[in-house]
$ cat query-v2.cif   # mmCIF, C-alpha atoms
data_query
#
loop_
_atom_site.label_atom_id
_atom_site.label_comp_id
_atom_site.auth_asym_id
_atom_site.auth_seq_id
_atom_site.Cartn_x
_atom_site.Cartn_y
_atom_site.Cartn_z
CA MET G 1 77.93 -121.25 0.05
CA ILE G 2 74.26 -120.58 0.71
CA THR G 3 72.23 -119.67 -2.33
CA THR G 4 68.84 -118.05 -2.03
CA THR G 5 65.93 -117.60 -4.31
CA THR G 6 63.31 -114.90 -4.27
CA THR G 7 59.93 -116.45 -3.71
CA SER G 8 57.58 -114.79 -6.19
CA PRO G 9 53.93 -114.77 -5.15
CA ALA G 10 51.78 -116.68 -7.57
CA THR G 11 48.16 -115.97 -8.39
CA PRO G 12 46.11 -117.97 -5.85
CA SER G 13 44.33 -120.96 -7.30
CA ALA G 14 42.88 -124.23 -6.11
CA ALA G 15 46.43 -125.59 -5.99
CA GLN G 16 47.95 -122.32 -4.69
CA PRO G 17 45.73 -120.89 -1.94
CA ALA G 18 46.00 -117.28 -0.81
CA LEU G 19 47.87 -118.40 2.32
CA PHE G 20 50.86 -119.24 0.13
CA ASP G 21 50.99 -115.66 -1.11
CA THR G 22 50.89 -114.47 2.49
CA MET G 23 53.77 -116.73 3.52
CA SER G 24 55.90 -115.87 0.50
CA THR G 25 55.77 -112.14 1.28
CA MET G 26 56.10 -112.33 5.08
CA ARG G 27 59.45 -110.65 5.59
CA ALA G 28 60.62 -109.41 8.99
CA MET G 29 59.43 -105.80 9.08
CA ARG G 30 61.31 -103.73 11.67
CA ARG G 31 60.49 -100.16 10.62
CA LEU G 32 57.11 -99.41 12.20
CA LYS G 33 54.89 -96.38 12.16
CA PRO G 34 54.21 -95.07 15.68
CA ASP G 35 50.44 -95.05 15.11
CA PRO G 36 48.63 -96.91 17.92
CA LEU G 37 46.83 -100.16 17.17
CA PRO G 38 43.25 -100.76 18.36
CA ASP G 39 42.77 -103.48 20.96
CA GLU G 40 40.34 -105.26 18.64
CA LEU G 41 43.10 -105.73 16.05
CA LEU G 42 45.57 -107.00 18.64
CA ASP G 43 42.92 -109.39 19.96
CA GLN G 44 42.68 -110.84 16.46
CA LEU G 45 46.39 -111.60 16.57
CA ILE G 46 46.10 -113.31 19.94
CA GLN G 47 43.05 -115.25 18.74
CA ALA G 48 45.12 -116.55 15.81
CA ALA G 49 47.86 -117.54 18.25
CA VAL G 50 45.40 -119.35 20.50
CA TRP G 51 44.22 -121.37 17.51
CA GLY G 52 47.72 -122.84 17.19
CA PRO G 53 48.27 -126.41 18.37
CA SER G 54 49.54 -127.00 21.90
CA GLY G 55 51.22 -130.16 23.15
CA GLY G 56 48.76 -132.42 24.93
CA ASN G 57 46.17 -129.68 24.31
CA MET G 58 47.29 -128.23 27.66
CA GLN G 59 46.87 -124.64 26.43
CA ARG G 60 49.04 -123.24 29.22
CA TYR G 61 50.18 -120.23 27.18
CA GLU G 62 49.70 -116.61 28.24
CA TYR G 63 50.36 -113.46 26.18
CA VAL G 64 51.59 -110.15 27.56
CA VAL G 65 50.56 -107.34 25.19
CA VAL G 66 52.27 -104.00 25.78
CA THR G 67 50.75 -100.85 24.29
CA ASP G 68 51.34 -98.27 27.03
CA PRO G 69 54.05 -95.82 25.85
CA ALA G 70 55.27 -95.44 29.44
CA VAL G 71 55.87 -99.19 29.74
CA MET G 72 57.48 -99.29 26.28
CA ALA G 73 59.82 -96.49 27.36
CA ARG G 74 60.96 -98.61 30.32
CA LEU G 75 61.58 -101.56 28.02
CA ALA G 76 63.50 -99.54 25.42
CA PRO G 77 66.82 -99.44 27.38
CA LEU G 78 66.62 -103.21 27.92
CA TRP G 79 66.00 -103.73 24.21
CA LYS G 80 68.98 -101.53 23.36
CA ARG G 81 71.30 -103.51 25.63
CA CYS G 82 70.15 -106.81 24.11
CA VAL G 83 70.48 -105.57 20.51
CA ASP G 84 73.90 -104.06 21.17
CA ALA G 85 75.07 -107.35 22.69
CA TYR G 86 73.78 -109.24 19.64
CA LEU G 87 75.39 -106.89 17.13
CA ALA G 88 78.71 -107.11 18.98
CA THR G 89 78.78 -110.92 18.80
CA THR G 90 76.50 -113.18 16.74
CA GLY G 91 75.29 -110.33 14.56
CA LYS G 92 78.71 -108.87 13.90
CA HIS G 93 79.05 -110.71 10.60
CA GLY G 94 76.44 -111.69 8.06
CA PRO G 95 75.53 -115.32 7.28
CA GLU G 96 77.69 -117.11 4.75
CA GLY G 97 76.42 -116.42 1.26
CA MET G 98 74.48 -113.29 2.19
CA PRO G 99 75.68 -110.28 0.16
CA GLU G 100 77.33 -107.65 2.33
CA ALA G 101 74.99 -104.95 1.05
CA ALA G 102 71.94 -107.01 2.01
CA TYR G 103 73.38 -107.69 5.44
CA ARG G 104 74.09 -104.00 6.03
CA ARG G 105 70.47 -103.20 5.10
CA MET G 106 69.28 -105.74 7.64
CA VAL G 107 71.54 -104.30 10.34
CA ALA G 108 70.31 -100.79 9.51
CA ALA G 109 66.73 -101.96 10.07
CA ILE G 110 67.72 -103.62 13.37
CA GLU G 111 69.41 -100.40 14.49
CA TYR G 112 66.39 -98.34 13.45
CA GLN G 113 64.11 -100.55 15.52
CA ARG G 114 66.52 -100.30 18.46
CA ASP G 115 66.66 -96.50 18.27
CA HIS G 116 62.87 -96.14 17.92
CA PHE G 117 61.77 -98.94 20.21
CA ALA G 118 60.00 -96.59 22.62
CA GLU G 119 57.69 -95.67 19.71
CA THR G 120 56.68 -99.29 19.05
CA PRO G 121 52.86 -99.41 18.95
CA ALA G 122 52.56 -102.91 20.41
CA LEU G 123 54.79 -105.64 21.76
CA VAL G 124 53.67 -109.23 22.30
CA ILE G 125 55.47 -111.53 24.76
CA PRO G 126 54.35 -115.19 24.49
CA CYS G 127 54.73 -117.05 27.78
CA TYR G 128 54.34 -120.66 28.85
CA ARG G 129 54.45 -122.61 32.10
CA MET G 130 54.98 -126.35 31.70
CA PRO G 131 53.29 -128.37 34.45
CA GLU G 132 55.34 -130.64 36.68
CA LEU G 133 55.78 -134.13 35.25
CA GLN G 134 53.63 -136.61 37.15
CA THR G 135 54.84 -140.20 37.15
CA ASP G 136 54.52 -143.36 39.21
CA ASP G 137 56.65 -146.48 39.46
CA ALA G 138 54.49 -148.46 37.04
CA GLY G 139 54.60 -145.64 34.52
CA VAL G 140 58.38 -145.33 34.74
CA GLN G 141 58.78 -149.08 34.26
CA ALA G 142 56.52 -149.00 31.18
CA TYR G 143 58.44 -145.95 29.88
CA VAL G 144 61.78 -147.77 30.13
CA ALA G 145 60.31 -150.90 28.60
CA ALA G 146 58.96 -148.94 25.62
CA LEU G 147 62.18 -147.03 24.93
CA GLY G 148 64.72 -149.60 26.05
CA PRO G 149 67.21 -148.99 28.87
CA ASP G 150 69.87 -147.35 26.71
CA ALA G 151 67.49 -144.86 25.09
CA ALA G 152 65.88 -144.11 28.45
CA ALA G 153 69.31 -143.41 29.97
CA ASP G 154 70.26 -141.18 27.03
CA LEU G 155 67.03 -139.23 27.35
CA ALA G 156 67.64 -138.72 31.06
CA GLN G 157 70.90 -136.99 30.15
CA THR G 158 69.14 -134.63 27.75
CA GLN G 159 65.95 -134.05 29.76
CA GLU G 160 66.54 -130.31 29.99
CA ARG G 161 66.73 -130.00 26.19
CA PHE G 162 63.72 -132.28 25.77
CA THR G 163 61.68 -130.13 28.14
CA ALA G 164 62.75 -126.91 26.43
CA LEU G 165 61.75 -128.30 23.03
CA ALA G 166 58.45 -129.56 24.43
CA GLU G 167 57.67 -126.09 25.78
CA GLY G 168 58.71 -124.44 22.52
CA SER G 169 56.54 -126.80 20.50
CA CYS G 170 53.56 -125.65 22.59
CA VAL G 171 54.29 -121.96 21.95
CA TYR G 172 55.85 -121.41 18.54
CA PRO G 173 53.01 -122.80 16.37
CA GLY G 174 50.81 -120.12 17.94
CA VAL G 175 53.52 -117.50 17.38
CA GLN G 176 53.65 -118.41 13.70
CA ASN G 177 49.88 -118.10 13.53
CA LEU G 178 50.21 -114.64 15.05
CA LEU G 179 52.82 -113.61 12.47
CA LEU G 180 50.66 -114.93 9.62
CA ALA G 181 47.65 -113.09 10.98
CA ALA G 182 49.66 -109.88 11.23
CA ARG G 183 50.74 -110.18 7.61
CA GLY G 184 47.19 -110.98 6.53
CA LEU G 185 45.95 -107.83 8.30
CA GLY G 186 48.67 -105.71 6.70
CA LEU G 187 50.65 -105.34 9.93
CA ALA G 188 54.42 -105.50 10.25
CA ALA G 189 55.92 -107.85 12.84
CA ASN G 190 59.09 -109.75 13.56
CA ILE G 191 60.01 -112.41 16.06
CA THR G 192 63.09 -112.06 18.28
CA ILE G 193 64.44 -113.83 21.36
CA TRP G 194 67.10 -111.25 22.21
CA HIS G 195 65.18 -110.29 25.36
CA LEU G 196 66.29 -113.62 26.86
CA MET G 197 69.74 -112.09 27.42
CA LEU G 198 68.07 -109.99 30.14
CA GLU G 199 64.96 -112.07 30.74
CA ALA G 200 64.87 -111.48 34.50
CA GLU G 201 64.82 -107.70 33.98
CA TRP G 202 62.13 -107.94 31.29
CA LYS G 203 60.00 -110.11 33.55
CA GLU G 204 60.47 -107.77 36.49
CA THR G 205 59.50 -104.74 34.38
CA LEU G 206 56.36 -106.47 33.10
CA GLY G 207 55.44 -108.24 36.33
CA ILE G 208 55.70 -111.68 34.75
CA PRO G 209 55.83 -114.44 37.42
CA ALA G 210 59.29 -115.87 38.04
CA ASP G 211 58.19 -119.42 37.16
CA MET G 212 56.71 -118.35 33.81
CA ARG G 213 59.03 -118.71 30.82
CA THR G 214 59.02 -116.18 27.99
CA PHE G 215 59.61 -117.31 24.42
CA ALA G 216 59.77 -114.23 22.19
CA ALA G 217 59.42 -110.48 21.95
CA ILE G 218 57.33 -109.53 18.91
CA PRO G 219 57.08 -105.84 17.94
CA VAL G 220 53.94 -105.11 15.91
CA GLY G 221 52.73 -102.04 14.03
CA TRP G 222 51.82 -100.61 10.66
CA PRO G 223 54.82 -100.92 8.27
CA GLN G 224 56.71 -97.92 6.97
CA GLY G 225 57.74 -99.84 3.86
CA ASN G 226 56.16 -102.42 1.60
CA PHE G 227 55.90 -106.16 1.94
CA GLY G 228 57.87 -108.10 -0.62
CA PRO G 229 59.03 -111.58 -1.57
CA VAL G 230 61.23 -113.39 0.92
CA ARG G 231 64.66 -114.74 -0.01
CA ARG G 232 65.19 -118.33 1.05
CA ARG G 233 67.22 -121.35 0.05
CA PRO G 234 65.58 -123.35 -2.75
CA VAL G 235 63.71 -126.50 -1.82
CA SER G 236 66.14 -128.61 -3.85
CA GLU G 237 68.94 -127.66 -1.44
CA VAL G 238 67.16 -128.49 1.79
CA VAL G 239 65.00 -131.57 1.15
CA HIS G 240 66.20 -135.14 1.85
CA ARG G 241 63.72 -137.68 0.58
CA ASN G 242 63.32 -140.98 2.44
CA GLY G 243 66.48 -140.36 4.47
CA TRP G 244 69.42 -137.96 4.70
#
$ encode --input "query-v2.cif" --output "structure tokens"
Amino acid sequence: MITTTTTSPATPSAAQPALFDTMSTMRAMRRLKPDPLPDELLDQLIQAAVWGPSGGNMQRYEYVVVTDPAVMARLAPLWKRCVDAYLATTGKHGPEGMPEAAYRRMVAAIEYQRDHFAETPALVIPCYRMPELQTDDAGVQAYVAALGPDAAADLAQTQERFTALAEGSCVYPGVQNLLLAARGLGLAANITIWHLMLEAEWKETLGIPADMRTFAAIPVGWPQGNFGPVRRRPVSEVVHRNGW
């Protein structure tokens, strides 16, 4: 059974900076006003994302920002197909421990966003292209010597997962910065990866190169409702000190 606690924002102090208040009230906000967002505000979000760390400081990220209602209208049917597929499978039942009423409210918000997606003021698609790994015989020998032959062989079997995690680690810190910046500016946003179910069609619609990976679809706009405390598992349930 998963138990959750409501994180209550505390008055910022030297020990509790304002950022903590921002994080503790940064719920996924799916009901957006259709009001357009100025480019200057969206540029602030991308600037925050660019400030995020990137593996090896390669900075090979790119951000597609959609604000054209005509383009959003072409994306809306793709979004609907992805959301419907999610709600028919993974999203059919709420997480263990989540009250049914709370889950139904979440689904209602997801359905609202699906049905009004064409009215989304802005959509951000973070992209990344990992460069080809460059090695030589001496480097490979040193690599195996450092890891040991067994670990090197194991890693070779999981190279695809390792690469995916390496790419994600170069993108998602920036995405989190973007979400924090949105909350700090009073904007609603939520991160999804449902578009990956139809990634080829999304990329074709947006003209994203075939060899560029996409990592999220982030709708952004002014919220219809109010920000509030998030509900998360208490720290005492998730921390393992000095080992599992």
$ residues_near_point --input "query-v2.cif" --point "(56.7, -112.9, 28.4)" --cutoff "10 Å" --atoms "all atoms listed in the file" --output "PyMOL selection string"
chain G and resi 61-65+124-128+195-196+199+202-203+206-209+212-217
$ atom_distance --input "query-v2.cif" --atom1 "CA of Phe117 (chain G)" --atom2 "CA of Trp79 (chain G)"
7.5 Å
$ atom_distance --input "query-v2.cif" --atom1 "CA of Pro77 (chain G)" --atom2 "CA of Arg114 (chain G)"
9.0 Å
$ residues_around --input "query-v2.cif" --residues "Ala118 (chain G)" --least-positions-apart "2" --cutoff "7 Å" --atoms "only C-alpha atoms" --output "ChimeraX atom specification"
/G:69,72-73,76,116,120
$ resolve_selection --input "query-v2.cif" --expression "the PyMOL selection byres ((chain G and resi 28) around 6)" --output "PyMOL selection string"
chain G and resi 27+29+190
$ write_last_selection --input "query-v2.cif" --atoms "C-alpha atoms" --output "PDB file, keeping the file's coordinate frame"
ATOM      1  CA  ARG G  27      59.450-110.650   5.590  1.00  0.00           C
ATOM      2  CA  MET G  29      59.430-105.800   9.080  1.00  0.00           C
ATOM      3  CA  ASN G 190      59.090-109.750  13.560  1.00  0.00           C
TER       4      ASN G 190
END
$ atom_distance --input "query-v2.cif" --atom1 "CA of Leu75 (chain G)" --atom2 "CA of Asn226 (chain G)"
27.0 Å
$ closest_residue --input "query-v2.cif" --among "G:Gly55, G:Phe227, G:Arg241, G:Arg232" --to "Thr25 (chain G)" --atoms "all atoms listed in the file"
G:Phe227
$ closest_residue --input "query-v2.cif" --among "G:Gly148, G:Pro234, G:Gly56, G:Gly221" --to "Asp35 (chain G)" --atoms "all atoms listed in the file"
G:Gly221
$ closest_residue --input "query-v2.cif" --among "G:Val83, G:Val175, G:Ala151, G:Ala156" --to "Ala189 (chain G)" --atoms "only C-alpha atoms"
G:Val175
$ closest_residue --input "query-v2.cif" --among "G:Leu133, G:Ala122, G:Met106, G:Pro149" --to "Leu45 (chain G)" --atoms "all atoms listed in the file"
G:Ala122
$ resolve_selection --input "query-v2.cif" --expression "the PyMOL selection byres ((chain G and resi 87) around 12)" --output "list in words"
Lys80, Arg81, Cys82, Val83, Asp84, Ala85, Tyr86, Ala88, Thr89, Thr90, Gly91, Lys92, His93, Gly94, Tyr103, Arg104, Met106, Val107, Ala108, Ile110, Glu111, Arg114 and Trp194 of chain G
$ closest_residue --input "query-v2.cif" --among "G:Ala166, G:Val66, G:Gln59, G:Glu204" --to "Asp39 (chain G)" --atoms "only C-alpha atoms"
G:Val66
$ residues_around --input "query-v2.cif" --residues "Gln113 (chain G)" --least-positions-apart "4" --cutoff "8 Å" --atoms "all atoms listed in the file" --output "list in words"
Arg30, Arg31, Leu32, Ala109 and Phe117 of chain G
$ decode --input "query-v2.cif" --residues "region 173-185 of chain G" --atoms "all heavy atoms" --output "PDB file, in the first residue's frame"
ATOM      1  N   PRO G 173      17.374  16.764 -17.000  1.00  0.00           N
ATOM      2  CA  PRO G 173      17.665  17.873 -16.066  1.00  0.00           C
ATOM      3  C   PRO G 173      17.196  19.216 -16.623  1.00  0.00           C
ATOM      4  O   PRO G 173      16.660  20.050 -15.890  1.00  0.00           O
ATOM      5  CB  PRO G 173      19.187  17.809 -15.913  1.00  0.00           C
ATOM      6  CG  PRO G 173      19.522  16.371 -16.151  1.00  0.00           C
ATOM      7  CD  PRO G 173      18.590  15.944 -17.244  1.00  0.00           C
ATOM      8  N   GLY G 174      17.385  19.432 -17.922  1.00  0.00           N
ATOM      9  CA  GLY G 174      16.901  20.662 -18.538  1.00  0.00           C
ATOM     10  C   GLY G 174      15.386  20.734 -18.546  1.00  0.00           C
ATOM     11  O   GLY G 174      14.801  21.807 -18.339  1.00  0.00           O
ATOM     12  N   VAL G 175      14.732  19.594 -18.777  1.00  0.00           N
ATOM     13  CA  VAL G 175      13.271  19.555 -18.751  1.00  0.00           C
ATOM     14  C   VAL G 175      12.755  19.939 -17.371  1.00  0.00           C
ATOM     15  O   VAL G 175      11.789  20.704 -17.239  1.00  0.00           O
ATOM     16  CB  VAL G 175      12.759  18.159 -19.153  1.00  0.00           C
ATOM     17  CG1 VAL G 175      11.264  18.028 -18.877  1.00  0.00           C
ATOM     18  CG2 VAL G 175      13.046  17.895 -20.621  1.00  0.00           C
ATOM     19  N   GLN G 176      13.395  19.413 -16.330  1.00  0.00           N
ATOM     20  CA  GLN G 176      12.971  19.776 -14.980  1.00  0.00           C
ATOM     21  C   GLN G 176      13.177  21.259 -14.720  1.00  0.00           C
ATOM     22  O   GLN G 176      12.331  21.908 -14.081  1.00  0.00           O
ATOM     23  CB  GLN G 176      13.739  18.939 -13.945  1.00  0.00           C
ATOM     24  CG  GLN G 176      13.339  19.187 -12.503  1.00  0.00           C
ATOM     25  CD  GLN G 176      11.915  18.738 -12.166  1.00  0.00           C
ATOM     26  OE1 GLN G 176      11.233  18.142 -12.997  1.00  0.00           O
ATOM     27  NE2 GLN G 176      11.464  19.011 -10.952  1.00  0.00           N
ATOM     28  N   ASN G 177      14.279  21.808 -15.222  1.00  0.00           N
ATOM     29  CA  ASN G 177      14.475  23.254 -15.106  1.00  0.00           C
ATOM     30  C   ASN G 177      13.336  24.010 -15.778  1.00  0.00           C
ATOM     31  O   ASN G 177      12.835  25.016 -15.254  1.00  0.00           O
ATOM     32  CB  ASN G 177      15.801  23.659 -15.763  1.00  0.00           C
ATOM     33  CG  ASN G 177      16.964  23.629 -14.793  1.00  0.00           C
ATOM     34  OD1 ASN G 177      16.868  23.083 -13.697  1.00  0.00           O
ATOM     35  ND2 ASN G 177      18.080  24.206 -15.207  1.00  0.00           N
ATOM     36  N   LEU G 178      12.923  23.536 -16.943  1.00  0.00           N
ATOM     37  CA  LEU G 178      11.837  24.181 -17.670  1.00  0.00           C
ATOM     38  C   LEU G 178      10.544  24.146 -16.859  1.00  0.00           C
ATOM     39  O   LEU G 178       9.827  25.144 -16.762  1.00  0.00           O
ATOM     40  CB  LEU G 178      11.652  23.487 -19.021  1.00  0.00           C
ATOM     41  CG  LEU G 178      10.650  24.088 -20.008  1.00  0.00           C
ATOM     42  CD1 LEU G 178      11.059  23.756 -21.443  1.00  0.00           C
ATOM     43  CD2 LEU G 178       9.220  23.592 -19.761  1.00  0.00           C
ATOM     44  N   LEU G 179      10.252  22.990 -16.255  1.00  0.00           N
ATOM     45  CA  LEU G 179       9.035  22.859 -15.456  1.00  0.00           C
ATOM     46  C   LEU G 179       9.084  23.768 -14.226  1.00  0.00           C
ATOM     47  O   LEU G 179       8.080  24.396 -13.861  1.00  0.00           O
ATOM     48  CB  LEU G 179       8.840  21.403 -15.027  1.00  0.00           C
ATOM     49  CG  LEU G 179       8.579  20.404 -16.160  1.00  0.00           C
ATOM     50  CD1 LEU G 179       8.607  18.978 -15.613  1.00  0.00           C
ATOM     51  CD2 LEU G 179       7.243  20.682 -16.846  1.00  0.00           C
ATOM     52  N   LEU G 180      10.239  23.848 -13.589  1.00  0.00           N
ATOM     53  CA  LEU G 180      10.396  24.738 -12.433  1.00  0.00           C
ATOM     54  C   LEU G 180      10.229  26.196 -12.846  1.00  0.00           C
ATOM     55  O   LEU G 180       9.582  26.983 -12.144  1.00  0.00           O
ATOM     56  CB  LEU G 180      11.765  24.528 -11.788  1.00  0.00           C
ATOM     57  CG  LEU G 180      11.941  23.257 -10.956  1.00  0.00           C
ATOM     58  CD1 LEU G 180      13.419  23.010 -10.682  1.00  0.00           C
ATOM     59  CD2 LEU G 180      11.171  23.355  -9.649  1.00  0.00           C
ATOM     60  N   ALA G 181      10.811  26.542 -13.996  1.00  0.00           N
ATOM     61  CA  ALA G 181      10.679  27.916 -14.476  1.00  0.00           C
ATOM     62  C   ALA G 181       9.225  28.242 -14.784  1.00  0.00           C
ATOM     63  O   ALA G 181       8.743  29.342 -14.479  1.00  0.00           O
ATOM     64  CB  ALA G 181      11.548  28.115 -15.719  1.00  0.00           C
ATOM     65  N   ALA G 182       8.513  27.289 -15.385  1.00  0.00           N
ATOM     66  CA  ALA G 182       7.097  27.511 -15.680  1.00  0.00           C
ATOM     67  C   ALA G 182       6.325  27.776 -14.404  1.00  0.00           C
ATOM     68  O   ALA G 182       5.532  28.732 -14.323  1.00  0.00           O
ATOM     69  CB  ALA G 182       6.519  26.305 -16.423  1.00  0.00           C
ATOM     70  N   ARG G 183       6.558  26.963 -13.388  1.00  0.00           N
ATOM     71  CA  ARG G 183       5.857  27.155 -12.114  1.00  0.00           C
ATOM     72  C   ARG G 183       6.227  28.503 -11.509  1.00  0.00           C
ATOM     73  O   ARG G 183       5.364  29.227 -10.987  1.00  0.00           O
ATOM     74  CB  ARG G 183       6.210  26.019 -11.139  1.00  0.00           C
ATOM     75  CG  ARG G 183       5.665  26.209  -9.728  1.00  0.00           C
ATOM     76  CD  ARG G 183       4.153  26.180  -9.709  1.00  0.00           C
ATOM     77  NE  ARG G 183       3.638  26.526  -8.388  1.00  0.00           N
ATOM     78  CZ  ARG G 183       3.332  27.751  -8.009  1.00  0.00           C
ATOM     79  NH1 ARG G 183       3.486  28.775  -8.849  1.00  0.00           N
ATOM     80  NH2 ARG G 183       2.853  27.978  -6.800  1.00  0.00           N
ATOM     81  N   GLY G 184       7.499  28.857 -11.567  1.00  0.00           N
ATOM     82  CA  GLY G 184       7.937  30.135 -11.009  1.00  0.00           C
ATOM     83  C   GLY G 184       7.316  31.326 -11.713  1.00  0.00           C
ATOM     84  O   GLY G 184       7.117  32.379 -11.101  1.00  0.00           O
ATOM     85  N   LEU G 185       6.993  31.169 -13.004  1.00  0.00           N
ATOM     86  CA  LEU G 185       6.379  32.243 -13.781  1.00  0.00           C
ATOM     87  C   LEU G 185       4.854  32.194 -13.742  1.00  0.00           C
ATOM     88  O   LEU G 185       4.192  32.996 -14.401  1.00  0.00           O
ATOM     89  CB  LEU G 185       6.859  32.167 -15.235  1.00  0.00           C
ATOM     90  CG  LEU G 185       8.351  32.466 -15.463  1.00  0.00           C
ATOM     91  CD1 LEU G 185       8.767  32.071 -16.870  1.00  0.00           C
ATOM     92  CD2 LEU G 185       8.637  33.942 -15.207  1.00  0.00           C
TER      93      LEU G 185
END
